[in-house]
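Dropping start-v1.txt in here (compact mmCIF, C-alpha atoms):
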```txt
# COMPACT_ATOMS: atom_id res chain seq x y z
CA MET G 1 22.71 -0.48 -12.83
CA THR G 2 25.71 -2.44 -11.51
CA ASN G 3 29.28 -1.73 -10.48
CA ASN G 4 30.33 -2.33 -14.10
CA ILE G 5 29.29 1.14 -15.21
CA THR G 6 31.52 2.43 -18.02
CA HIS G 7 32.69 5.74 -19.46
CA SER G 8 30.15 5.43 -22.27
CA ASP G 9 27.34 4.88 -19.75
CA ILE G 10 28.12 8.18 -18.07
CA VAL G 11 28.49 10.00 -21.39
CA ARG G 12 25.09 8.67 -22.53
CA LEU G 13 23.59 9.89 -19.26
CA ALA G 14 25.26 13.30 -19.45
CA ILE G 15 24.73 14.25 -23.12
CA PRO G 16 20.94 14.78 -22.83
CA ILE G 17 21.55 16.92 -19.74
CA ILE G 18 24.14 19.01 -21.60
CA LEU G 19 21.71 19.54 -24.48
CA ALA G 20 18.89 20.34 -22.05
CA ASN G 21 21.13 22.87 -20.28
CA MET G 22 21.86 24.53 -23.60
CA ALA G 23 18.17 24.52 -24.54
CA ALA G 24 17.11 26.30 -21.33
CA PRO G 25 18.49 29.79 -22.25
CA LEU G 26 16.63 29.57 -25.56
CA LEU G 27 13.41 30.51 -23.75
CA GLY G 28 14.65 34.06 -23.23
CA LEU G 29 16.45 34.12 -26.58
CA VAL G 30 13.26 33.25 -28.47
CA ASP G 31 11.33 35.98 -26.65
CA THR G 32 14.05 38.50 -27.48
CA ALA G 33 14.26 37.48 -31.13
CA VAL G 34 10.51 37.68 -31.73
CA ILE G 35 10.01 41.03 -30.02
CA GLY G 36 13.23 42.33 -31.60
CA HIS G 37 11.76 41.88 -35.07
CA THR G 38 8.26 43.11 -34.28
CA GLY G 39 8.50 45.68 -31.46
CA ASN G 40 10.33 48.88 -30.64
CA ALA G 41 13.26 49.67 -28.36
CA SER G 42 11.15 49.95 -25.19
CA ASP G 43 9.53 46.57 -25.92
CA LEU G 44 12.94 44.94 -26.31
CA GLY G 45 14.27 46.65 -23.19
CA ALA G 46 11.24 45.48 -21.22
CA ILE G 47 11.82 41.87 -22.22
CA ALA G 48 15.51 42.14 -21.31
CA LEU G 49 14.87 43.64 -17.85
CA GLY G 50 11.78 41.52 -17.18
CA SER G 51 13.63 38.31 -18.00
CA LEU G 52 16.51 39.44 -15.76
CA VAL G 53 14.15 39.91 -12.80
CA PHE G 54 12.54 36.50 -13.27
CA ASN G 55 15.90 34.79 -13.75
CA PHE G 56 17.17 36.27 -10.49
CA VAL G 57 14.02 35.34 -8.55
CA TYR G 58 13.89 31.78 -9.87
CA TRP G 59 17.64 31.23 -9.56
CA ALA G 60 17.30 31.70 -5.79
CA PHE G 61 15.03 28.63 -5.70
CA GLY G 62 17.33 26.33 -7.66
CA PHE G 63 17.61 24.23 -4.52
CA LEU G 64 14.29 22.65 -5.48
CA ARG G 65 16.04 20.92 -8.38
CA MET G 66 19.26 20.04 -6.57
CA GLY G 67 17.72 18.78 -3.33
CA THR G 68 15.14 16.70 -5.18
CA THR G 69 17.80 14.99 -7.29
CA GLY G 70 19.67 13.78 -4.21
CA PHE G 71 16.63 12.54 -2.30
CA VAL G 72 15.14 10.79 -5.34
CA ALA G 73 18.42 9.15 -6.39
CA GLN G 74 19.11 7.83 -2.89
CA ALA G 75 15.61 6.37 -2.56
CA ALA G 76 15.93 4.80 -6.03
CA GLY G 77 19.31 3.33 -5.06
CA ALA G 78 17.68 1.76 -2.00
CA ASP G 79 14.93 0.41 -4.29
CA ASP G 80 12.38 2.29 -2.21
CA TYR G 81 10.12 3.74 -4.87
CA ALA G 82 7.46 4.70 -2.34
CA GLU G 83 10.06 7.10 -0.90
CA VAL G 84 10.96 8.27 -4.42
CA ARG G 85 7.36 9.32 -4.91
CA LEU G 86 7.30 10.97 -1.49
CA ALA G 87 10.52 12.91 -2.16
CA PHE G 88 9.06 14.12 -5.45
CA GLY G 89 5.76 14.98 -3.76
CA ARG G 90 7.39 17.03 -1.01
CA ALA G 91 9.45 18.99 -3.55
CA LEU G 92 6.36 19.52 -5.71
CA LEU G 93 4.39 20.74 -2.70
CA LEU G 94 7.20 23.09 -1.65
CA GLY G 95 7.53 24.47 -5.18
CA GLY G 96 3.81 25.08 -5.41
CA VAL G 97 3.69 26.86 -2.05
CA ILE G 98 6.65 29.10 -2.94
CA GLY G 99 5.07 29.84 -6.33
CA LEU G 100 1.83 30.93 -4.67
CA LEU G 101 3.77 33.08 -2.19
CA LEU G 102 5.53 34.79 -5.10
CA ILE G 103 2.13 35.60 -6.62
CA THR G 104 0.97 36.93 -3.24
CA VAL G 105 3.96 39.29 -2.87
CA GLN G 106 4.25 40.10 -6.58
CA TYR G 107 3.73 43.85 -6.16
CA PRO G 108 6.44 44.48 -3.53
CA LEU G 109 8.80 42.32 -5.60
CA ILE G 110 8.32 44.14 -8.88
CA TYR G 111 8.36 47.63 -7.37
CA SER G 112 11.56 46.77 -5.51
CA ALA G 113 13.09 45.46 -8.73
CA LEU G 114 12.07 48.56 -10.70
CA TRP G 115 13.56 50.76 -7.97
CA LEU G 116 16.88 48.91 -8.29
CA LEU G 117 16.92 48.85 -12.09
CA ASP G 118 17.64 51.94 -14.14
CA GLY G 119 15.11 51.81 -16.95
CA SER G 120 13.23 54.57 -18.73
CA GLU G 121 9.64 55.32 -17.82
CA SER G 122 8.30 53.59 -20.95
CA VAL G 123 10.49 50.50 -20.39
CA GLU G 124 9.47 50.21 -16.73
CA ALA G 125 5.80 50.41 -17.70
CA GLN G 126 6.28 47.53 -20.13
CA VAL G 127 8.29 45.55 -17.55
CA LYS G 128 5.34 45.92 -15.17
CA THR G 129 2.99 44.60 -17.87
CA TYR G 130 5.32 41.66 -18.56
CA TRP G 131 5.65 40.86 -14.84
CA ASP G 132 1.91 41.09 -14.11
CA ILE G 133 1.23 38.33 -16.64
CA ARG G 134 4.26 36.07 -16.36
CA ILE G 135 4.20 35.87 -12.54
CA TRP G 136 1.17 33.59 -12.82
CA ALA G 137 3.47 30.86 -14.13
CA ALA G 138 5.51 30.87 -10.89
CA PRO G 139 3.93 27.69 -9.43
CA ALA G 140 4.46 25.87 -12.74
CA THR G 141 8.07 27.04 -13.05
CA LEU G 142 8.99 25.94 -9.53
CA ALA G 143 7.06 22.68 -9.91
CA SER G 144 9.20 22.07 -13.00
CA TYR G 145 12.29 22.26 -10.79
CA ALA G 146 10.95 19.35 -8.76
CA ILE G 147 10.16 17.49 -11.98
CA MET G 148 13.65 18.10 -13.38
CA GLY G 149 15.26 16.97 -10.14
CA SER G 150 13.20 13.78 -10.13
CA LEU G 151 14.01 12.92 -13.75
CA ILE G 152 17.74 13.48 -13.16
CA GLY G 153 17.63 11.50 -9.91
CA LEU G 154 15.98 8.61 -11.74
CA GLY G 155 18.50 8.82 -14.60
CA LYS G 156 15.75 9.72 -17.10
CA THR G 157 17.88 12.36 -18.79
CA ARG G 158 16.48 11.82 -22.29
CA GLN G 159 13.02 12.59 -20.98
CA LEU G 160 14.41 15.79 -19.47
CA LEU G 161 15.80 16.80 -22.88
CA TRP G 162 12.49 16.15 -24.62
CA LEU G 163 10.68 18.16 -21.96
CA GLN G 164 12.98 21.14 -22.51
CA LEU G 165 12.48 20.93 -26.27
CA PHE G 166 8.71 20.81 -25.77
CA LEU G 167 8.88 23.92 -23.58
CA ASN G 168 10.93 25.89 -26.10
CA LEU G 169 8.99 24.83 -29.19
CA THR G 170 5.68 25.65 -27.49
CA ASN G 171 7.03 29.02 -26.43
CA LEU G 172 8.27 29.73 -29.96
CA ALA G 173 4.95 28.83 -31.57
CA LEU G 174 2.96 30.96 -29.12
CA ASP G 175 5.35 33.92 -29.48
CA VAL G 176 4.89 33.89 -33.24
CA LEU G 177 1.11 33.52 -32.91
CA PHE G 178 0.56 36.17 -30.23
CA VAL G 179 3.16 38.73 -31.30
CA ALA G 180 3.55 38.35 -35.07
CA GLY G 181 -0.03 37.17 -35.61
CA PHE G 182 -2.18 38.98 -33.03
CA GLU G 183 0.26 41.89 -32.49
CA TRP G 184 -0.01 41.69 -28.69
CA GLY G 185 3.60 42.79 -28.17
CA VAL G 186 5.03 42.38 -24.67
CA ARG G 187 1.70 41.01 -23.42
CA GLY G 188 1.88 38.29 -26.05
CA ILE G 189 5.43 37.36 -25.06
CA ALA G 190 4.46 37.08 -21.39
CA LEU G 191 1.26 35.12 -22.11
CA GLY G 192 3.09 32.73 -24.43
CA THR G 193 5.69 32.04 -21.72
CA VAL G 194 2.98 31.42 -19.11
CA ILE G 195 1.14 28.93 -21.33
CA ALA G 196 4.39 27.21 -22.34
CA GLU G 197 5.57 26.85 -18.73
CA TRP G 198 2.23 25.50 -17.49
CA SER G 199 2.03 23.11 -20.44
CA SER G 200 5.58 21.89 -19.83
CA ALA G 201 4.87 21.40 -16.12
CA LEU G 202 1.78 19.31 -16.89
CA VAL G 203 3.68 17.18 -19.41
CA GLY G 204 6.48 16.78 -16.89
CA LEU G 205 4.03 15.62 -14.23
CA LEU G 206 2.67 13.01 -16.63
CA LEU G 207 6.23 11.79 -17.30
CA VAL G 208 7.01 11.42 -13.60
CA PHE G 209 3.68 9.74 -12.87
CA LYS G 210 4.28 7.34 -15.75
CA ASN G 211 7.74 6.47 -14.44
CA LEU G 212 6.61 5.95 -10.84
CA ARG G 213 3.00 4.79 -10.95
CA LEU G 214 2.33 1.27 -9.61
CA GLN G 215 -0.89 -0.53 -10.47
CA HIS G 216 -1.87 -1.69 -6.97
CA GLU G 217 -0.33 1.02 -4.80
CA LYS G 218 -1.33 4.57 -4.01
CA PHE G 219 0.96 7.08 -5.65
CA TRP G 220 1.34 9.05 -2.40
CA GLN G 221 0.83 7.90 1.16
CA TRP G 222 -0.40 11.21 2.53
CA PRO G 223 0.54 10.70 6.22
CA ARG G 224 4.14 9.97 5.14
CA LEU G 225 4.12 12.76 2.58
CA LEU G 226 3.16 15.31 5.24
CA ASN G 227 5.34 13.80 7.97
CA PRO G 228 6.76 16.78 9.94
CA GLY G 229 10.20 15.18 10.35
CA ALA G 230 10.54 14.44 6.63
CA ILE G 231 9.35 17.93 5.70
CA ALA G 232 11.81 19.47 8.18
CA LYS G 233 14.65 17.44 6.63
CA THR G 234 13.64 18.61 3.16
CA LEU G 235 13.45 22.23 4.27
CA GLY G 236 16.80 22.02 6.09
CA THR G 237 18.59 20.55 3.08
CA ASN G 238 17.05 23.08 0.72
CA ALA G 239 17.87 25.99 3.03
CA ASP G 240 21.54 24.96 3.10
CA ILE G 241 21.62 24.71 -0.70
CA MET G 242 19.96 28.12 -0.98
CA TRP G 243 22.67 29.68 1.20
CA ARG G 244 25.31 27.92 -0.90
CA THR G 245 23.72 29.39 -4.04
CA LEU G 246 23.61 32.89 -2.53
CA PHE G 247 27.27 32.69 -1.52
CA LEU G 248 28.12 31.61 -5.08
CA LEU G 249 26.04 34.45 -6.52
CA GLY G 250 27.84 36.83 -4.16
CA GLY G 251 31.21 35.75 -5.51
CA PHE G 252 30.25 36.38 -9.13
CA ALA G 253 28.55 39.67 -8.23
CA PHE G 254 31.72 40.80 -6.44
CA PHE G 255 33.80 39.90 -9.50
CA THR G 256 31.53 41.96 -11.76
CA ASN G 257 31.40 44.90 -9.37
CA GLN G 258 35.19 44.99 -8.99
CA GLY G 259 35.59 44.91 -12.76
CA ALA G 260 33.33 47.96 -13.04
CA ARG G 261 35.85 49.96 -11.00
CA PHE G 262 38.45 49.53 -13.74
CA GLY G 263 36.38 51.37 -16.35
CA ASP G 264 33.83 50.51 -19.03
CA ASP G 265 36.24 48.70 -21.35
CA LEU G 266 37.45 46.28 -18.68
CA LEU G 267 33.93 45.79 -17.36
CA ALA G 268 32.75 44.84 -20.86
CA ALA G 269 35.82 42.66 -21.48
CA ASN G 270 35.29 40.73 -18.24
CA HIS G 271 31.62 40.28 -19.09
CA ILE G 272 32.52 38.80 -22.48
CA LEU G 273 35.03 36.43 -20.89
CA LEU G 274 32.40 35.29 -18.40
CA GLN G 275 30.35 34.10 -21.38
CA PHE G 276 33.13 31.58 -22.15
CA ILE G 277 32.87 30.35 -18.58
CA SER G 278 29.06 30.18 -18.73
CA PHE G 279 29.13 28.26 -22.01
CA SER G 280 31.68 25.78 -20.64
CA ALA G 281 29.47 25.28 -17.60
CA PHE G 282 26.81 23.68 -19.83
CA PHE G 283 29.21 20.80 -20.45
CA LEU G 284 30.79 20.48 -17.01
CA ASP G 285 27.40 20.78 -15.31
CA GLY G 286 26.13 17.94 -17.49
CA PHE G 287 28.66 15.51 -16.03
CA ALA G 288 28.03 16.88 -12.53
CA PHE G 289 24.27 16.34 -12.94
CA ALA G 290 24.85 12.77 -14.09
CA LEU G 291 27.12 12.25 -11.10
CA GLU G 292 24.38 13.52 -8.77
CA SER G 293 22.10 10.70 -9.88
CA LEU G 294 24.78 8.01 -9.71
CA VAL G 295 26.19 9.09 -6.33
CA GLY G 296 22.70 9.28 -4.87
CA LYS G 297 21.94 5.75 -6.04
CA ALA G 298 25.27 4.47 -4.68
CA LYS G 299 24.58 6.07 -1.32
CA GLY G 300 21.03 4.78 -1.23
CA ALA G 301 22.26 1.26 -2.00
CA GLY G 302 25.11 1.54 0.50
CA ASN G 303 27.57 0.62 -2.26
CA ARG G 304 31.00 2.23 -1.80
CA ASP G 305 32.48 0.37 -4.76
CA LEU G 306 29.91 1.91 -7.09
CA PHE G 307 30.47 5.32 -5.48
CA ASP G 308 34.24 5.09 -6.08
CA ARG G 309 33.78 3.94 -9.66
CA VAL G 310 31.28 6.60 -10.77
CA VAL G 311 33.32 9.36 -9.12
CA LYS G 312 36.53 8.16 -10.79
CA ILE G 313 35.08 7.66 -14.28
CA SER G 314 32.97 10.83 -14.29
CA THR G 315 35.90 12.92 -13.07
CA GLN G 316 38.15 11.49 -15.79
CA ILE G 317 35.60 12.47 -18.44
CA ALA G 318 35.01 15.91 -16.93
CA ALA G 319 38.76 16.60 -16.68
CA GLY G 320 39.27 15.63 -20.32
CA THR G 321 36.35 17.82 -21.35
CA ALA G 322 37.77 20.76 -19.37
CA VAL G 323 41.15 20.43 -21.09
CA LEU G 324 39.41 20.31 -24.48
CA LEU G 325 37.31 23.38 -23.67
CA MET G 326 40.42 25.26 -22.52
CA SER G 327 42.17 24.40 -25.79
CA ILE G 328 39.19 25.58 -27.83
CA ILE G 329 39.04 28.88 -25.93
CA ILE G 330 42.76 29.51 -26.42
CA ALA G 331 42.63 28.62 -30.13
CA GLY G 332 39.42 30.39 -31.10
CA GLY G 333 38.75 32.83 -28.28
CA THR G 334 39.83 35.99 -30.10
CA THR G 335 37.59 35.14 -33.05
CA VAL G 336 34.61 34.70 -30.74
CA ILE G 337 35.45 37.96 -28.94
CA ALA G 338 35.43 39.79 -32.29
CA SER G 339 32.00 38.32 -33.06
CA LEU G 340 30.63 39.57 -29.73
CA THR G 341 31.89 43.14 -29.95
CA SER G 342 33.17 45.44 -32.69
CA VAL G 343 34.78 47.89 -30.23
CA HIS G 344 38.52 47.46 -30.71
CA SER G 345 39.49 48.63 -27.23
CA ILE G 346 37.20 46.02 -25.66
CA GLN G 347 38.52 43.34 -28.03
CA ALA G 348 42.09 44.16 -26.99
CA GLU G 349 41.32 44.01 -23.27
CA ALA G 350 39.33 40.77 -23.58
CA ALA G 351 42.15 39.15 -25.59
CA LYS G 352 44.67 40.22 -22.94
CA PHE G 353 42.78 38.42 -20.17
CA LEU G 354 41.56 35.48 -22.28
CA PRO G 355 44.18 33.04 -20.83
CA TYR G 356 42.72 33.57 -17.37
CA ALA G 357 39.24 32.55 -18.57
CA ALA G 358 40.68 29.49 -20.33
CA LEU G 359 42.58 28.46 -17.20
CA TYR G 360 39.49 29.02 -15.06
CA VAL G 361 37.50 26.62 -17.25
CA MET G 362 40.25 23.99 -17.02
CA VAL G 363 40.52 24.01 -13.21
CA SER G 364 36.79 24.51 -12.52
CA PHE G 365 35.83 20.91 -13.34
CA ALA G 366 36.83 19.81 -9.82
CA ALA G 367 34.36 22.21 -8.20
CA PHE G 368 31.58 21.03 -10.55
CA GLN G 369 32.32 17.38 -9.80
CA LEU G 370 32.36 17.88 -6.04
CA ASP G 371 29.09 19.80 -6.24
CA GLY G 372 27.59 16.82 -8.04
CA ILE G 373 28.89 14.39 -5.42
CA PHE G 374 27.56 16.35 -2.45
CA ILE G 375 24.22 17.17 -4.07
CA GLY G 376 23.69 13.49 -4.86
CA ALA G 377 24.57 12.58 -1.27
CA THR G 378 22.38 15.47 0.08
CA ARG G 379 25.32 16.71 2.16
CA SER G 380 24.02 20.25 1.93
CA ARG G 381 25.58 21.59 5.13
CA ALA G 382 29.06 20.80 3.85
CA MET G 383 28.19 22.61 0.59
CA ARG G 384 26.96 25.65 2.50
CA ASN G 385 30.04 25.83 4.71
CA ALA G 386 32.50 25.23 1.86
CA SER G 387 30.87 27.96 -0.25
CA LEU G 388 31.19 30.44 2.60
CA TYR G 389 34.84 29.57 3.22
CA ALA G 390 35.65 29.83 -0.49
CA LEU G 391 33.94 33.22 -0.72
CA LEU G 392 36.01 34.48 2.20
CA VAL G 393 39.16 33.24 0.46
CA PHE G 394 38.11 35.09 -2.71
CA LEU G 395 37.44 38.34 -0.88
CA THR G 396 40.74 38.13 0.98
CA SER G 397 42.70 37.30 -2.19
CA SER G 398 41.08 40.20 -4.02
CA TRP G 399 41.88 42.59 -1.18
CA LEU G 400 45.53 41.54 -1.31
CA LEU G 401 46.04 41.33 -5.08
CA ILE G 402 43.90 44.00 -6.75
CA PRO G 403 45.76 47.03 -5.32
CA PHE G 404 49.00 45.77 -6.87
CA LEU G 405 47.86 43.97 -10.02
CA GLY G 406 44.52 45.58 -10.97
CA ASN G 407 42.37 43.41 -13.23
CA HIS G 408 45.13 40.79 -13.38
CA GLY G 409 44.84 40.53 -9.60
CA LEU G 410 41.06 40.21 -9.86
CA TRP G 411 41.35 37.31 -12.30
CA ILE G 412 44.04 35.61 -10.20
CA ALA G 413 41.75 35.91 -7.16
CA PHE G 414 38.91 34.50 -9.27
CA LEU G 415 41.09 31.49 -10.12
CA ILE G 416 41.96 31.07 -6.44
CA TYR G 417 38.22 31.23 -5.72
CA VAL G 418 37.26 28.30 -7.96
CA ILE G 419 40.20 26.26 -6.64
CA ALA G 420 39.16 27.11 -3.07
CA ARG G 421 35.62 25.94 -3.87
CA ALA G 422 37.04 22.53 -4.73
CA ILE G 423 39.50 22.33 -1.82
CA THR G 424 37.05 23.45 0.88
CA LEU G 425 34.44 20.94 -0.33
CA GLY G 426 37.01 18.22 -0.94
CA ILE G 427 37.96 18.33 2.75
CA TYR G 428 34.56 16.81 3.53
CA LEU G 429 34.88 14.06 0.89
CA PRO G 430 36.71 11.36 2.93
CA GLU G 431 34.05 11.47 5.65
CA LEU G 432 31.30 11.23 3.03
CA ARG G 433 32.99 8.21 1.47
CA ARG G 434 33.39 6.51 4.87
CA SER G 435 29.65 6.95 5.50
CA ILE G 436 28.89 4.62 2.57
CA ALA G 437 29.20 0.92 3.40
CA PRO G 438 32.33 -0.73 1.88
CA THR G 439 30.37 -3.68 0.52
CA SER G 440 30.09 -4.59 -3.18
CA THR G 441 26.44 -5.06 -4.09
CA GLN G 442 24.25 -4.85 -7.14
CA TYR G 443 20.85 -3.25 -7.34
```
Represent the structure contained in this file as structure tokens.
Amino acid sequence: MTNNITHSDIVRLAIPIILANMAAPLLGLVDTAVIGHTGNASDLGAIALGSLVFNFVYWAFGFLRMGTTGFVAQAAGADDYAEVRLAFGRALLLGGVIGLLLITVQYPLIYSALWLLDGSESVEAQVKTYWDIRIWAAPATLASYAIMGSLIGLGKTRQLLWLQLFLNLTNLALDVLFVAGFEWGVRGIALGTVIAEWSSALVGLLLVFKNLRLQHEKFWQWPRLLNPGAIAKTLGTNADIMWRTLFLLGGFAFFTNQGARFGDDLLAANHILLQFISFSAFFLDGFAFALESLVGKAKGAGNRDLFDRVVKISTQIAAGTAVLLMSIIIAGGTTVIASLTSVHSIQAEAAKFLPYAALYVMVSFAAFQLDGIFIGATRSRAMRNASLYALLVFLTSSWLLIPFLGNHGLWIAFLIYVIARAITLGIYLPELRRSIAPTSTQY
């Protein structure tokens, strides 16, 4: 890669990530579809609640993917592939340890989750069955985060897409075999997911080893891999990203909780509108993920010219995509709302607040782009601090606006929140740029 990177280069890098992002939710969708056609209501409810618990638990450890991308990309930019392997190894080791810890504390976790959730006795029994089997895939799932981060950091986004497709197709085949064929119900769904996740993790490991293996050099230098200073740096970066993620989760949870105070119709309408935002995130996250890899390589190479160019070009593409997504939501949003609910009162409320969701998507690209820049540069402390400041801005705005404007005030505060996420992180950008040498080099 040189400083002559073009718009089409970034699009080619981002498209497989976008498709992989869209493929990821299919894992739960396939489980739901299979059990929905073969099981009863309690089976379907168990899959819904069980998947929710796992999604929440695993989402908290998303730092394994983000931190690994930055470390791997920077080492690759410096042409230090021994350090690339070490960064991958440390993330893999951390993921495996966390996965084993989750297995160790599986019973307190599931009983706490069942206490918080409001399911029937039959559903909770099935959720317990689902959890008891699927939890054994925890080390594989978290190892896959390290694998994904490494592939993105190396710019191997097509391999990431193929890996996601392999995971979903394997899961689909096993669901059909175990549930439709052997009639194992919820147990079959859980077992199929476990086998699919372990199989995908093993294939992913082979991909990374193939990309990084050298004929006359050990894959890992164990004293460097287990170096206390390097491990402490990895843990510190990941801890900051975890706090950033929790602050972000807190903001969205607050939005949902406030919407619930306005009644069931507005709660449902806000939930539907959040689906537009989630769908748009597949696209905007794709460009941010690509930027993570490119910024990390620019930082590792000490190449400010490349940094400036990839930030400029990627942001231009992301901004154009955000405007296009906003236009699509405005033009076809009411049709999509009608397809998601047949309740006219909810349709009316969702249509009323649809412009807010469209505007949110349009302005949110800046926050996505800055996240990509700072993840690639492993400036996790700035991300943590900016997320906290933005959350405080959101809470304050909500406190001031909601009493006077109701749900309109909530959505305005939500818009202020995503803008604050960009502004508070953007404050740190000049210092980050200055830290990269102003020389023009190729690598």
Can you tell me, as JSON, numbers by chain, what residues are no more than 12 Å from Lys156 of chain G when counting all atoms listed in the file, ignoring any on the same chain fewer than 6 positions away?
-> {"G": [12, 13, 14, 15, 16, 17, 69, 72, 73, 147, 148, 149, 150, 162, 163, 204, 207, 208, 210, 211, 212, 289, 290, 293, 294]}
Quick one: residues within 10 Å of Asp308 of chain G, only C-alpha atoms counted, chain neighbours fewer than 3 positions away excluded, as a list in words?
->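 In the requested form, the answer reads Asn3, Val295, Ala298, Asn303, Arg304, Asp305, Val311, Lys312, Ile313 and Arg433 of chain G.
Considering all atoms listed in the file, the residue among G:Leu93, G:Leu370, G:Leu44, G:Val361 positioned nearest to Ser122 of chain G is G:Leu44.
Counting all atoms listed in the file, the residue from G:Gly192, G:Pro430, G:Gly181, G:Gly406 that sits nearest to Leu167 of chain G is G:Gly192.
Non-sequential neighbours of Gln106 of chain G (distance at most 9 Å, separation of 6 or more positions within a chain, all atoms listed in the file) are G:Trp131, G:Asp132, G:Ile135.
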With a distance cut-off of 8 Å and all atoms listed in the file, select the neighbouring residues of Gly259 of chain G, excluding the residue or stretch itself and same-chain residues fewer than 3 positions from it, and output the selection as an MDAnalysis selection string.
-> chainID G and resid 255:256 262:263 266:267 270 407 410
Would you list the residues near (22.8, 21.3, -7.2), meaning any protein, DNA or RNA residue with an atom at most 12 Å from that point in file coordinates, counting all atoms listed in the file, as a PyMOL selection string?
-> chain G and resi 59-71+145+148-149+152-153+237-238+240-245+248+285-286+288-293+367-380+383-384
